[in-house]
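Coordinates from structure.csv are shown below (CSV, C-alpha atoms and all ligand atoms).
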chain,number,residue,atom,x,y,z
A,1,MET,CA,-0.4,-12.0,-29.1
A,2,THR,CA,2.5,-12.5,-26.8
A,3,GLN,CA,2.2,-15.3,-24.3
A,4,ASN,CA,4.4,-13.4,-21.8
A,5,ARG,CA,2.9,-13.2,-18.4
A,6,ALA,CA,3.7,-10.4,-15.8
A,7,PHE,CA,3.5,-10.5,-12.0
A,8,LEU,CA,3.7,-7.1,-10.3
A,9,ILE,CA,4.0,-7.6,-6.5
A,10,VAL,CA,3.8,-4.7,-4.0
A,11,MET,CA,5.3,-5.2,-0.6
A,12,ASP,CA,3.3,-2.4,1.1
A,13,SER,CA,5.6,0.1,2.8
A,14,VAL,CA,8.9,-1.7,2.3
A,15,GLY,CA,10.9,1.5,1.5
A,16,ILE,CA,14.6,1.7,1.2
A,17,GLY,CA,15.3,5.3,2.2
A,18,GLY,CA,16.9,8.1,0.2
A,19,ALA,CA,13.8,10.0,-1.2
A,20,PRO,CA,15.1,13.3,-2.4
A,21,ASP,CA,12.0,15.1,-1.2
A,22,ALA,CA,11.7,13.4,2.2
A,23,ALA,CA,12.1,16.7,4.1
A,24,GLN,CA,8.8,17.9,2.7
A,25,PHE,CA,6.9,15.0,4.3
A,26,PHE,CA,6.2,14.7,8.0
A,27,ASN,CA,5.4,12.4,11.0
A,28,GLY,CA,3.9,15.0,13.3
A,29,THR,CA,6.3,17.9,13.2
A,30,LEU,CA,9.4,15.7,12.3
A,31,PRO,CA,10.4,15.5,8.6
A,32,ASP,CA,10.9,12.1,7.0
A,33,SER,CA,14.5,12.9,6.1
A,34,GLY,CA,16.6,9.9,7.0
A,35,ALA,CA,13.7,7.4,7.3
A,36,ASN,CA,14.6,4.0,6.0
A,37,THR,CA,12.2,1.2,6.6
A,38,LEU,CA,14.3,-1.8,5.4
A,39,GLY,CA,17.7,-0.2,6.4
A,40,HIS,CA,16.6,0.5,10.0
A,41,ILE,CA,15.0,-2.9,10.5
A,42,ALA,CA,18.1,-4.6,9.2
A,43,GLN,CA,20.2,-2.5,11.6
A,44,ALA,CA,18.0,-3.6,14.5
A,45,ARG,CA,18.3,-7.2,13.6
A,46,ALA,CA,20.1,-9.0,10.6
A,47,LEU,CA,17.6,-10.2,8.0
A,48,HIS,CA,17.6,-13.5,6.3
A,49,MET,CA,16.0,-12.9,2.9
A,50,PRO,CA,17.9,-15.1,0.5
A,51,HIS,CA,15.5,-15.0,-2.5
A,52,LEU,CA,14.9,-11.2,-2.7
A,53,ASP,CA,18.5,-10.5,-1.8
A,54,ALA,CA,19.7,-12.8,-4.7
A,55,LEU,CA,17.6,-10.6,-7.0
A,56,GLY,CA,19.3,-7.5,-5.6
A,57,LEU,CA,17.5,-6.3,-2.4
A,58,GLY,CA,20.7,-5.4,-0.5
A,59,ALA,CA,22.2,-3.7,-3.5
A,60,ALA,CA,19.0,-1.7,-4.1
A,61,LEU,CA,19.1,-0.5,-0.5
A,62,GLN,CA,22.6,0.7,-0.9
A,63,LEU,CA,21.9,2.4,-4.2
A,64,ALA,CA,18.8,4.2,-2.8
A,65,SER,CA,20.2,5.4,0.5
A,66,GLY,CA,23.8,4.3,0.9
A,67,ALA,CA,22.8,2.0,3.7
A,68,ARG,CA,24.3,-1.4,4.2
A,69,ALA,CA,22.1,-4.0,5.8
A,70,PRO,CA,23.4,-6.8,8.0
A,71,GLY,CA,22.4,-10.1,6.3
A,72,LEU,CA,21.8,-8.5,2.9
A,73,GLY,CA,24.1,-7.6,0.0
A,74,ALA,CA,24.5,-10.6,-2.3
A,75,THR,CA,25.7,-10.1,-5.9
A,76,PRO,CA,22.5,-9.3,-7.8
A,77,GLN,CA,21.2,-12.0,-10.2
A,78,GLY,CA,18.0,-10.3,-11.2
A,79,ILE,CA,16.7,-6.9,-12.4
A,80,TRP,CA,17.6,-4.5,-9.6
A,81,GLY,CA,17.3,-0.8,-8.9
A,82,ALA,CA,15.6,1.8,-6.8
A,83,ALA,CA,12.5,3.9,-7.8
A,84,THR,CA,11.7,7.5,-6.8
A,85,GLU,CA,8.1,8.7,-6.6
A,86,VAL,CA,7.0,12.1,-8.0
A,87,SER,CA,3.4,12.1,-6.8
A,88,PRO,CA,2.9,14.6,-4.0
A,89,GLY,CA,1.6,12.0,-1.5
A,90,LYS,CA,3.2,9.2,0.5
A,91,ASP,CA,0.0,7.2,0.6
A,92,THR,CA,-1.0,3.8,-0.8
A,93,PRO,CA,-3.1,5.1,-3.8
A,94,SER,CA,-0.5,7.6,-4.9
A,95,GLY,CA,2.2,5.0,-4.9
A,96,HIS,CA,0.2,2.3,-6.6
A,97,TRP,CA,-1.3,4.6,-9.2
A,98,GLU,CA,2.2,5.9,-10.2
A,99,ILE,CA,3.6,2.3,-10.3
A,100,ALA,CA,0.6,1.6,-12.6
A,101,GLY,CA,1.4,4.5,-14.9
A,102,VAL,CA,-0.7,7.3,-13.4
A,103,PRO,CA,1.3,9.8,-11.3
A,104,VAL,CA,-1.1,11.9,-9.2
A,105,PRO,CA,-1.8,15.2,-11.0
A,106,TRP,CA,-3.2,17.1,-8.1
A,107,ASP,CA,-2.5,17.9,-4.5
A,108,TRP,CA,-4.5,15.8,-2.1
A,109,HIS,CA,-6.5,17.4,0.6
A,110,TYR,CA,-5.2,16.6,4.1
A,111,PHE,CA,-7.1,17.1,7.3
A,112,PRO,CA,-5.0,19.1,9.8
A,113,ASP,CA,-3.5,17.4,12.9
A,114,THR,CA,-5.6,19.5,15.2
A,115,ARG,CA,-8.7,18.8,17.3
A,116,PRO,CA,-11.2,19.1,15.7
A,117,SER,CA,-9.5,17.9,12.5
A,118,PHE,CA,-12.6,18.1,10.3
A,119,PRO,CA,-14.5,21.3,9.4
A,120,PRO,CA,-17.6,21.7,11.5
A,121,ASP,CA,-20.0,21.5,8.6
A,122,LEU,CA,-18.4,18.2,7.5
A,123,SER,CA,-18.7,16.8,11.0
A,124,ALA,CA,-22.3,17.8,11.1
A,125,ARG,CA,-23.0,16.2,7.7
A,126,ILE,CA,-21.3,12.9,8.8
A,127,ALA,CA,-23.4,12.8,11.9
A,128,GLN,CA,-26.6,13.5,9.9
A,129,ALA,CA,-25.7,10.7,7.5
A,130,ALA,CA,-25.1,8.4,10.4
A,131,GLY,CA,-28.3,9.4,12.1
A,132,THR,CA,-26.5,10.4,15.3
A,133,GLU,CA,-26.2,13.5,17.3
A,134,GLY,CA,-22.5,13.8,16.7
A,135,ILE,CA,-19.2,12.1,15.9
A,136,LEU,CA,-16.4,10.8,18.2
A,137,GLY,CA,-12.7,11.3,17.5
A,138,ASN,CA,-12.3,14.1,15.0
A,139,GLU,CA,-8.5,14.0,15.2
A,140,HIS,CA,-5.4,12.3,13.8
A,141,ALA,CA,-5.0,8.9,15.4
A,142,SER,CA,-3.8,5.4,15.1
A,143,GLY,CA,-6.7,3.1,14.4
A,144,THR,CA,-6.0,0.5,17.1
A,145,GLU,CA,-5.3,3.2,19.7
A,146,ILE,CA,-8.5,5.2,19.0
A,147,ILE,CA,-10.8,2.2,19.3
A,148,ALA,CA,-9.2,1.2,22.6
A,149,ARG,CA,-9.7,4.8,23.9
A,150,LEU,CA,-13.2,5.6,22.4
A,151,GLY,CA,-14.7,2.2,21.8
A,152,ALA,CA,-16.7,2.1,25.1
A,153,GLN,CA,-18.0,5.6,24.5
A,154,HIS,CA,-19.0,4.6,20.9
A,155,LEU,CA,-21.0,1.7,22.4
A,156,ARG,CA,-22.7,4.0,24.9
A,157,THR,CA,-23.6,6.8,22.4
A,158,GLY,CA,-23.8,5.0,19.1
A,159,TRP,CA,-21.7,7.8,17.5
A,160,PRO,CA,-19.2,6.8,14.8
A,161,ILE,CA,-15.5,7.2,15.6
A,162,CYS,CA,-14.0,9.4,12.8
A,163,TYR,CA,-10.3,10.1,12.4
A,164,SER,CA,-7.6,10.9,10.0
A,165,SER,CA,-3.8,10.7,9.6
A,166,ALA,CA,-0.9,12.1,7.6
A,167,ASP,CA,-2.7,10.4,4.6
A,168,SER,CA,-5.5,12.0,2.6
A,169,VAL,CA,-8.0,9.9,4.4
A,170,LEU,CA,-11.2,9.9,6.5
A,171,GLN,CA,-11.5,6.7,8.5
A,172,ILE,CA,-14.7,5.6,10.3
A,173,ALA,CA,-14.5,3.0,13.0
A,174,ALA,CA,-17.7,1.4,14.3
A,175,HIS,CA,-18.7,-1.7,16.2
A,176,GLU,CA,-19.9,-4.5,13.9
A,177,ASP,CA,-22.7,-5.6,16.1
A,178,SER,CA,-24.0,-2.5,17.8
A,179,PHE,CA,-23.5,-0.1,14.9
A,180,GLY,CA,-23.8,-2.7,12.1
A,181,LEU,CA,-21.4,-3.5,9.3
A,182,GLN,CA,-23.7,-2.7,6.4
A,183,ARG,CA,-24.7,0.6,8.1
A,184,LEU,CA,-21.0,1.5,8.4
A,185,TYR,CA,-20.4,0.7,4.7
A,186,ARG,CA,-23.4,2.9,3.7
A,187,LEU,CA,-22.2,5.7,5.9
A,188,CYS,CA,-18.7,5.5,4.3
A,189,GLN,CA,-20.2,5.5,0.9
A,190,ASP,CA,-22.2,8.7,1.7
A,191,VAL,CA,-19.2,10.4,3.3
A,192,ALA,CA,-17.0,9.4,0.3
A,193,ALA,CA,-19.5,11.4,-1.9
A,194,MET,CA,-19.0,14.4,0.4
A,195,VAL,CA,-15.2,14.3,0.5
A,196,HIS,CA,-14.0,13.0,-2.8
A,197,PRO,CA,-14.9,16.3,-4.5
A,198,MET,CA,-12.5,17.9,-1.9
A,199,ARG,CA,-9.7,15.6,-3.2
A,200,VAL,CA,-9.7,13.4,-0.1
A,201,GLY,CA,-8.4,10.2,-1.5
A,202,ARG,CA,-10.2,7.6,0.6
A,203,VAL,CA,-12.9,7.0,3.2
A,204,ILE,CA,-12.1,3.8,5.0
A,205,ALA,CA,-14.6,1.6,7.0
A,206,ARG,CA,-12.8,0.3,10.1
A,207,PRO,CA,-15.2,-2.2,11.7
A,208,PHE,CA,-14.3,-3.7,15.1
A,209,THR,CA,-15.7,-6.2,17.6
A,210,GLY,CA,-15.3,-7.0,21.3
A,211,ALA,CA,-16.0,-5.3,24.6
A,212,GLU,CA,-14.2,-2.7,26.7
A,213,GLY,CA,-10.6,-3.7,27.3
A,214,GLY,CA,-10.6,-6.1,24.3
A,215,PHE,CA,-11.7,-4.3,21.2
A,216,SER,CA,-10.2,-5.6,17.9
A,217,ARG,CA,-10.5,-4.7,14.3
A,218,THR,CA,-12.0,-7.3,12.0
A,219,GLY,CA,-11.0,-8.2,8.5
A,220,ASN,CA,-14.0,-6.3,7.0
A,221,ARG,CA,-12.1,-3.1,6.3
A,222,ARG,CA,-13.4,-1.5,3.1
A,223,ASP,CA,-11.9,1.4,1.2
A,224,PHE,CA,-13.9,3.9,-0.8
A,225,ALA,CA,-11.3,5.5,-3.0
A,226,ILE,CA,-11.3,8.1,-5.8
A,227,ALA,CA,-10.7,6.4,-9.1
A,228,PRO,CA,-7.3,6.8,-10.8
A,229,PRO,CA,-7.4,9.8,-13.2
A,230,GLY,CA,-5.9,8.0,-16.2
A,231,GLN,CA,-5.3,4.7,-17.9
A,232,THR,CA,-3.5,2.2,-15.6
A,233,ILE,CA,-1.6,-0.9,-16.6
A,234,LEU,CA,-4.6,-2.9,-15.5
A,235,ASP,CA,-6.9,-0.9,-17.8
A,236,ALA,CA,-4.5,-1.3,-20.7
A,237,ALA,CA,-4.1,-5.0,-20.2
A,238,GLN,CA,-7.8,-5.5,-20.0
A,239,ALA,CA,-8.5,-3.3,-23.0
A,240,ALA,CA,-6.1,-5.6,-24.9
A,241,GLY,CA,-8.1,-8.6,-24.0
A,242,ARG,CA,-5.7,-9.9,-21.4
A,243,GLN,CA,-6.7,-11.7,-18.2
A,244,THR,CA,-6.1,-9.5,-15.1
A,245,TYR,CA,-5.8,-10.9,-11.6
A,246,ALA,CA,-5.8,-8.7,-8.5
A,247,VAL,CA,-4.6,-10.0,-5.2
A,248,GLY,CA,-5.3,-8.2,-2.0
A,249,LYS,CA,-6.0,-4.4,-1.8
A,250,ILE,CA,-5.4,-3.9,-5.5
A,251,GLY,CA,-9.2,-3.9,-6.1
A,252,ASP,CA,-9.9,-1.1,-3.6
A,253,ILE,CA,-6.9,1.0,-4.7
A,254,PHE,CA,-8.0,1.0,-8.4
A,255,SER,CA,-11.7,1.4,-7.7
A,256,HIS,CA,-12.1,-2.1,-9.2
A,257,ARG,CA,-11.2,-0.9,-12.6
A,258,GLY,CA,-9.4,-3.2,-15.1
A,259,ILE,CA,-9.7,-6.2,-12.9
A,260,ALA,CA,-11.2,-9.5,-14.0
A,261,GLN,CA,-10.6,-11.6,-11.0
A,262,LEU,CA,-10.0,-10.5,-7.4
A,263,HIS,CA,-8.6,-12.6,-4.5
A,264,LYS,CA,-8.7,-11.2,-1.0
A,265,GLY,CA,-7.8,-12.3,2.5
A,266,SER,CA,-5.0,-12.2,5.0
A,267,ASP,CA,-1.4,-12.0,3.6
A,268,ALA,CA,-1.1,-15.8,4.3
A,269,VAL,CA,-4.2,-16.4,2.1
A,270,LEU,CA,-2.9,-14.0,-0.5
A,271,ALA,CA,0.4,-15.9,-0.6
A,272,ASP,CA,-1.4,-19.1,-1.5
A,273,HIS,CA,-3.3,-17.2,-4.3
A,274,LEU,CA,-0.1,-15.7,-5.7
A,275,ILE,CA,1.7,-19.0,-5.6
A,276,ARG,CA,-1.2,-20.7,-7.4
A,277,LEU,CA,-1.3,-17.9,-10.0
A,278,ALA,CA,2.4,-18.3,-10.6
A,279,ASP,CA,1.4,-21.9,-11.8
A,280,GLN,CA,-1.9,-21.2,-13.4
A,281,ALA,CA,-2.2,-17.6,-14.6
A,282,ALA,CA,-3.3,-17.4,-18.2
A,283,PRO,CA,-0.8,-16.8,-21.0
A,284,GLY,CA,-0.5,-13.0,-21.7
A,285,SER,CA,-2.0,-12.1,-18.3
A,286,LEU,CA,-1.2,-9.5,-15.6
A,287,THR,CA,-1.3,-10.4,-11.9
A,288,PHE,CA,-1.1,-7.4,-9.6
A,289,ALA,CA,-0.7,-8.2,-5.9
A,290,ASN,CA,-0.4,-6.1,-2.7
A,291,PHE,CA,0.8,-7.5,0.6
A,292,VAL,CA,-0.5,-5.0,3.2
A,293,GLU,CA,0.4,-6.5,6.5
A,294,PHE,CA,4.0,-5.1,6.6
A,295,ASP,CA,2.3,-1.7,6.7
A,296,SER,CA,-1.0,-2.3,8.6
A,297,LEU,CA,0.2,-4.7,11.3
A,298,TYR,CA,3.9,-3.7,11.8
A,299,GLY,CA,4.8,-0.3,10.2
A,300,HIS,CA,1.9,1.8,11.6
A,301,ARG,CA,2.3,-0.1,14.9
A,302,ARG,CA,6.0,0.7,15.0
A,303,ASP,CA,6.7,-3.0,15.6
A,304,VAL,CA,10.3,-3.6,14.4
A,305,GLU,CA,10.5,-7.3,15.3
A,306,GLY,CA,7.1,-8.1,13.8
A,307,TYR,CA,8.1,-6.3,10.6
A,308,ALA,CA,11.4,-8.2,10.4
A,309,ALA,CA,9.6,-11.5,10.8
A,310,ALA,CA,7.1,-10.6,8.1
A,311,LEU,CA,9.9,-9.7,5.7
A,312,GLU,CA,11.5,-13.1,6.3
A,313,TRP,CA,8.2,-14.9,5.9
A,314,PHE,CA,7.5,-13.0,2.6
A,315,ASP,CA,10.9,-13.8,1.3
A,316,ALA,CA,10.1,-17.5,1.5
A,317,VAL,CA,6.8,-16.8,-0.3
A,318,ALA,CA,8.8,-15.0,-3.0
A,319,GLY,CA,11.0,-18.1,-3.3
A,320,GLN,CA,8.0,-20.2,-3.9
A,321,VAL,CA,6.6,-17.8,-6.6
A,322,LEU,CA,10.0,-17.6,-8.4
A,323,ALA,CA,10.3,-21.4,-8.4
A,324,ARG,CA,7.1,-21.6,-10.4
A,325,LEU,CA,7.9,-19.0,-13.1
A,326,ARG,CA,8.8,-20.0,-16.6
A,327,PRO,CA,10.4,-18.5,-19.7
A,328,GLY,CA,8.4,-15.5,-20.9
A,329,ASP,CA,7.4,-14.5,-17.4
A,330,LEU,CA,8.4,-11.3,-15.7
A,331,ALA,CA,8.0,-10.8,-11.9
A,332,ILE,CA,8.6,-7.4,-10.3
A,333,PHE,CA,8.8,-6.9,-6.5
A,334,THR,CA,8.5,-3.3,-5.4
A,335,ALA,CA,6.8,-1.1,-2.8
A,336,ASP,CA,4.5,1.9,-2.6
A,337,HIS,CA,6.1,4.1,0.1
A,338,GLY,CA,7.9,3.6,3.4
A,339,ASN,CA,6.6,3.1,7.0
A,340,ASP,CA,9.8,3.0,9.1
A,341,PRO,CA,8.9,1.2,12.3
A,342,THR,CA,11.9,2.9,14.1
A,343,TRP,CA,10.6,6.4,13.2
A,344,PRO,CA,8.6,8.6,15.6
A,345,GLY,CA,4.9,8.9,14.9
A,346,THR,CA,2.7,6.2,13.3
A,347,ASP,CA,2.5,7.5,9.7
A,348,HIS,CA,4.1,6.4,6.4
A,349,THR,CA,7.6,7.7,5.6
A,350,ARG,CA,8.6,9.2,2.2
A,351,GLU,CA,11.2,6.8,0.8
A,352,ARG,CA,12.5,5.3,-2.4
A,353,VAL,CA,11.5,1.7,-3.1
A,354,PRO,CA,13.2,-1.4,-4.4
A,355,VAL,CA,12.6,-2.6,-7.9
A,356,LEU,CA,13.6,-6.3,-8.1
A,357,GLY,CA,12.8,-8.5,-11.0
A,358,TRP,CA,13.0,-12.0,-12.4
A,359,GLY,CA,12.9,-12.8,-16.1
A,360,TYR,CA,15.7,-10.8,-17.8
A,361,GLY,CA,18.8,-12.2,-16.0
A,362,ALA,CA,21.0,-9.9,-14.1
A,363,ARG,CA,20.3,-6.3,-15.0
A,364,ALA,CA,21.2,-3.2,-13.1
A,365,ILE,CA,18.6,-0.6,-13.9
A,366,GLY,CA,19.8,2.0,-11.5
A,367,GLN,CA,17.6,4.9,-10.3
A,368,VAL,CA,14.2,4.8,-12.0
A,369,GLY,CA,10.8,6.3,-11.6
A,370,PHE,CA,7.7,4.6,-10.2
A,371,ALA,CA,6.0,5.0,-13.6
A,372,ASP,CA,8.9,3.2,-15.3
A,373,ILE,CA,7.5,0.0,-13.8
A,374,ALA,CA,4.2,0.3,-15.7
A,375,ALA,CA,6.1,1.2,-18.9
A,376,SER,CA,8.2,-1.9,-18.5
A,377,VAL,CA,5.3,-4.3,-17.7
A,378,ALA,CA,3.4,-2.9,-20.7
A,379,ALA,CA,6.5,-3.5,-22.9
A,380,HIS,CA,6.9,-7.0,-21.6
A,381,LEU,CA,3.2,-7.8,-22.2
A,382,GLY,CA,3.4,-6.3,-25.7
A,383,LEU,CA,0.8,-3.6,-24.9
A,384,PRO,CA,0.8,0.0,-26.2
A,385,PRO,CA,2.8,2.3,-24.0
A,386,VAL,CA,1.2,3.1,-20.6
A,387,GLY,CA,1.9,6.3,-18.7
A,388,PRO,CA,4.8,8.8,-18.8
A,389,GLY,CA,7.5,6.3,-17.7
A,390,LYS,CA,10.3,4.7,-19.8
A,391,ALA,CA,10.7,0.9,-19.9
A,392,PHE,CA,13.9,-0.4,-18.3
A,393,LEU,CA,13.8,-3.8,-19.8
B,1,LIG,O1,-3.9,3.5,12.1
B,1,LIG,P1,-4.8,2.9,11.1
B,1,LIG,O2,-6.2,2.9,11.3
B,1,LIG,O3,-4.3,1.4,10.7
B,1,LIG,O4,-4.6,3.8,9.7
B,1,LIG,C1,-3.6,3.7,8.8
B,1,LIG,O5,-4.1,3.1,7.7
B,1,LIG,C2,-4.5,4.2,6.8
B,1,LIG,C3,-4.6,3.7,5.4
B,1,LIG,O6,-3.4,3.1,5.0
B,1,LIG,C4,-3.5,5.2,7.0
B,1,LIG,O7,-4.0,6.5,6.7
B,1,LIG,C5,-3.1,5.1,8.5
B,1,LIG,O8,-3.8,6.1,9.2
B,2,MN,MN,0.6,1.3,1.3
B,3,MN,MN,-0.6,2.5,5.6

Exercise: express the given structure as C-alpha cells:
Amino acid sequence: MTQNRAFLIVMDSVGIGGAPDAAQFFNGTLPDSGANTLGHIAQARALHMPHLDALGLGAALQLASGARAPGLGATPQGIWGAATEVSPGKDTPSGHWEIAGVPVPWDWHYFPDTRPSFPPDLSARIAQAAGTEGILGNEHASGTEIIARLGAQHLRTGWPICYSSADSVLQIAAHEDSFGLQRLYRLCQDVAAMVHPMRVGRVIARPFTGAEGGFSRTGNRRDFAIAPPGQTILDAAQAAGRQTYAVGKIGDIFSHRGIAQLHKGSDAVLADHLIRLADQAAPGSLTFANFVEFDSLYGHRRDVEGYAAALEWFDAVAGQVLARLRPGDLAIFTADHGNDPTWPGTDHTRERVPVLGWGYGARAIGQVGFADIAASVAAHLGLPPVGPGKAFL
C-alpha cells in the first residue's frame, strides 16, 4: 500500500470568475456573468497571500477569467490551474460532490423567489411537524437579516422562521431557548424527509439566541443533506482501508459517509486541526477540509474587507500546513463555487475555482474539471479510479 497522503482543502466560495455558463445563474434577476470573487476583492484592495500565490493563485485567476489581481501573480511553483463545474447548481453540495468525483446527475428543486416561496401544503406540513399554527418567513432571505426582522415575532408566536435562497435549500431559524435546539433538529429532520424526495438538497437548522435588537446565530447550525448519488473519494479511500479525516462541514456535505474522524469548530479551530493533521495524519490517509467562513461570514454578507482579511489569514494557515508536508504528500487547495462580495444580492455566484497543489513541483495543469480533482487524489493515493474525471498529476 502506498504511504502517500492527500490533503484536499476547500476554501468555501473562493471563486476566480470565468464560468462559461455564468449567464444561466442568478442573484435575483441579475445573471452571474462577470462575477469574480477573488478578482473583485483584489481590485478593491491589494491582497497579501504569499503562500497560495507562490503555488499559482494569481496565475490561476488570470487563466480562469483574464483578471489580474493587485498583490498576486508570482511565477507559479506548484500545481496550478482553474476548474470548471458541470453540475447544474452553484451550491456547496454540488461543488463538493463533483470535486469528490460525483457530478450531480439531476436538476435540484429550487423554491421560487416569491412570497410565499413554499407550496401551501408544504408550509402546512412544516407547521404541523412543528406543532404550531403556522410558519414565519416563507420567502427568500439572508439568514442574519431575517432573524433581525422576524425574531421578535418568532418569540411571541413560537412559529419557526422558514426561508430559502438561490440554493436548493429550506432553512429553519428558531430561538435556542424558547423553541429549543433539539426540537429544531427534530423538525429539520422531519422536514428533510418531506423535501428530499422533491430533490431539495438540504434542510438547514439555523438556531439563534438573544433578544430583540440583538439576535445572533449560534454555532449549532446543522445540515440535513441528501446523500451523494455515487462513490466519492471519501468512500473509495475508506473502502481501501485508508484513514479518512473530515475537517469542518465535510461531514454534513457527504451525509457522514466515508468519514472515520470528524473535526468541527470555527475556522480558527479547524486551522489548528488541519495543521496538526499535516503533522500527524496516518500514512496513506485522506484529509478533506472545508473552511466555510469566507462564504458564511463574508460572501453572503457582501463584506469585502472581511473577506479580504479572511483570505490573508487563511494564506498564513496554508503556509503552516505546507511547511509540515513531506515527500509523498499531495495538498490541493480549491473552492466549491463563488460568492462575490461586490455582487448585487446575497447568493453564491457561478465561477471557476482555483486548483493549487503542493507535491509535484511546478506543474501547469490548465483548465480542468472539478471531477479531475477526485481522479488525481485517487491516483496519488493509489486507489482505483474515482468518478468521471481525468487525473492531472
Ligand atoms: O443567509 P444564510 O442563512 O447564511 O444562508 C446562506 O447559507 C445557505 C447555505 O450555504 C445558503 O443557501 C444561503 O442562503
Ligand atoms: Mn460553499
Ligand atoms: Mn453559502

Open item on the list: Please identify all protein, DNA and RNA residues within 8 Å of ligand LIG 1 (chain B), counting all atoms listed in the file, and report them as a ChimeraX atom specification.
Closed with: /A:91-92,140-145,164-171,204,206,295-297,300-301,346-348

Fill in: All residues 12 Å or closer to range 131-135 of chain A, all atoms listed in the file, same chain fewer than 4 positions away omitted, as a PyMOL selection string
chain A and resi 116-118+120-127+139+150+153-154+157-163+171-174+179+183-184+186-187

Would you write out those residues with C-alpha atoms, as an mmCIF file, in the frame of the given file?
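Result went into result.cif, see below:
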data_model
loop_
_atom_site.group_PDB
_atom_site.id
_atom_site.type_symbol
_atom_site.label_atom_id
_atom_site.label_comp_id
_atom_site.auth_asym_id
_atom_site.auth_seq_id
_atom_site.Cartn_x
_atom_site.Cartn_y
_atom_site.Cartn_z
ATOM 1 C CA PRO A 116 -11.200 19.100 15.700
ATOM 2 C CA SER A 117 -9.500 17.900 12.500
ATOM 3 C CA PHE A 118 -12.600 18.100 10.300
ATOM 4 C CA PRO A 120 -17.600 21.700 11.500
ATOM 5 C CA ASP A 121 -20.000 21.500 8.600
ATOM 6 C CA LEU A 122 -18.400 18.200 7.500
ATOM 7 C CA SER A 123 -18.700 16.800 11.000
ATOM 8 C CA ALA A 124 -22.300 17.800 11.100
ATOM 9 C CA ARG A 125 -23.000 16.200 7.700
ATOM 10 C CA ILE A 126 -21.300 12.900 8.800
ATOM 11 C CA ALA A 127 -23.400 12.800 11.900
ATOM 12 C CA GLU A 139 -8.500 14.000 15.200
ATOM 13 C CA LEU A 150 -13.200 5.600 22.400
ATOM 14 C CA GLN A 153 -18.000 5.600 24.500
ATOM 15 C CA HIS A 154 -19.000 4.600 20.900
ATOM 16 C CA THR A 157 -23.600 6.800 22.400
ATOM 17 C CA GLY A 158 -23.800 5.000 19.100
ATOM 18 C CA TRP A 159 -21.700 7.800 17.500
ATOM 19 C CA PRO A 160 -19.200 6.800 14.800
ATOM 20 C CA ILE A 161 -15.500 7.200 15.600
ATOM 21 C CA CYS A 162 -14.000 9.400 12.800
ATOM 22 C CA TYR A 163 -10.300 10.100 12.400
ATOM 23 C CA GLN A 171 -11.500 6.700 8.500
ATOM 24 C CA ILE A 172 -14.700 5.600 10.300
ATOM 25 C CA ALA A 173 -14.500 3.000 13.000
ATOM 26 C CA ALA A 174 -17.700 1.400 14.300
ATOM 27 C CA PHE A 179 -23.500 -0.100 14.900
ATOM 28 C CA ARG A 183 -24.700 0.600 8.100
ATOM 29 C CA LEU A 184 -21.000 1.500 8.400
ATOM 30 C CA ARG A 186 -23.400 2.900 3.700
ATOM 31 C CA LEU A 187 -22.200 5.700 5.900
#

Pick from A:Asp107, A:Asp53, A:Asp272, A:Glu351: nearest to Gly18 in chain A, with only C-alpha atoms counted?
->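 Of A:Asp107, A:Asp53, A:Asp272, A:Glu351, the one nearest Gly18 in chain A is A:Glu351, counting only C-alpha atoms.
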
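Considering only C-alpha atoms, the residue among A:Val292, A:Met198, A:Ala362, A:Ala54 positioned nearest to Phe111 in chain A is A:Met198.
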
Quick one: residues within 7 Å of Arg302 in chain A, only C-alpha atoms, excluding same-chain residues fewer than 3 positions away - as a PyMOL selection string? chain A and resi 298-299+341-342+346

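Our summary of the geometry notes that CA of Leu262 in chain A is positioned 4.7 Å from CA of Ala246 in chain A.
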
Reconstructed N, CA and C atoms for range 92-102 of chain A, given as a JSON list (two decimals), in the frame of the given file:
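Written out: out.json:
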[["chain", "number", "residue", "atom", "x", "y", "z"],
["A", 92, "THR", "N", -0.87, 5.05, -0.04],
["A", 92, "THR", "CA", -1.00, 3.80, -0.80],
["A", 92, "THR", "C", -1.55, 4.10, -2.25],
["A", 93, "PRO", "N", -2.66, 4.84, -2.42],
["A", 93, "PRO", "CA", -3.10, 5.10, -3.80],
["A", 93, "PRO", "C", -2.10, 5.82, -4.63],
["A", 94, "SER", "N", -1.47, 6.87, -4.08],
["A", 94, "SER", "CA", -0.50, 7.60, -4.90],
["A", 94, "SER", "C", 0.61, 6.68, -5.38],
["A", 95, "GLY", "N", 1.14, 5.86, -4.48],
["A", 95, "GLY", "CA", 2.20, 5.00, -4.90],
["A", 95, "GLY", "C", 1.80, 3.96, -5.91],
["A", 96, "HIS", "N", 0.65, 3.34, -5.68],
["A", 96, "HIS", "CA", 0.20, 2.30, -6.60],
["A", 96, "HIS", "C", -0.21, 2.90, -7.97],
["A", 97, "TRP", "N", -0.87, 4.05, -7.95],
["A", 97, "TRP", "CA", -1.30, 4.60, -9.20],
["A", 97, "TRP", "C", -0.04, 4.96, -10.08],
["A", 98, "GLU", "N", 0.97, 5.53, -9.41],
["A", 98, "GLU", "CA", 2.20, 5.90, -10.20],
["A", 98, "GLU", "C", 2.90, 4.65, -10.67],
["A", 99, "ILE", "N", 2.97, 3.61, -9.86],
["A", 99, "ILE", "CA", 3.60, 2.30, -10.30],
["A", 99, "ILE", "C", 2.78, 1.81, -11.51],
["A", 100, "ALA", "N", 1.46, 2.05, -11.51],
["A", 100, "ALA", "CA", 0.60, 1.60, -12.60],
["A", 100, "ALA", "C", 0.53, 2.51, -13.77],
["A", 101, "GLY", "N", 1.33, 3.61, -13.71],
["A", 101, "GLY", "CA", 1.40, 4.50, -14.90],
["A", 101, "GLY", "C", 0.69, 5.82, -14.75],
["A", 102, "VAL", "N", 0.12, 6.12, -13.57],
["A", 102, "VAL", "CA", -0.70, 7.30, -13.40],
["A", 102, "VAL", "C", -0.15, 8.14, -12.19]]
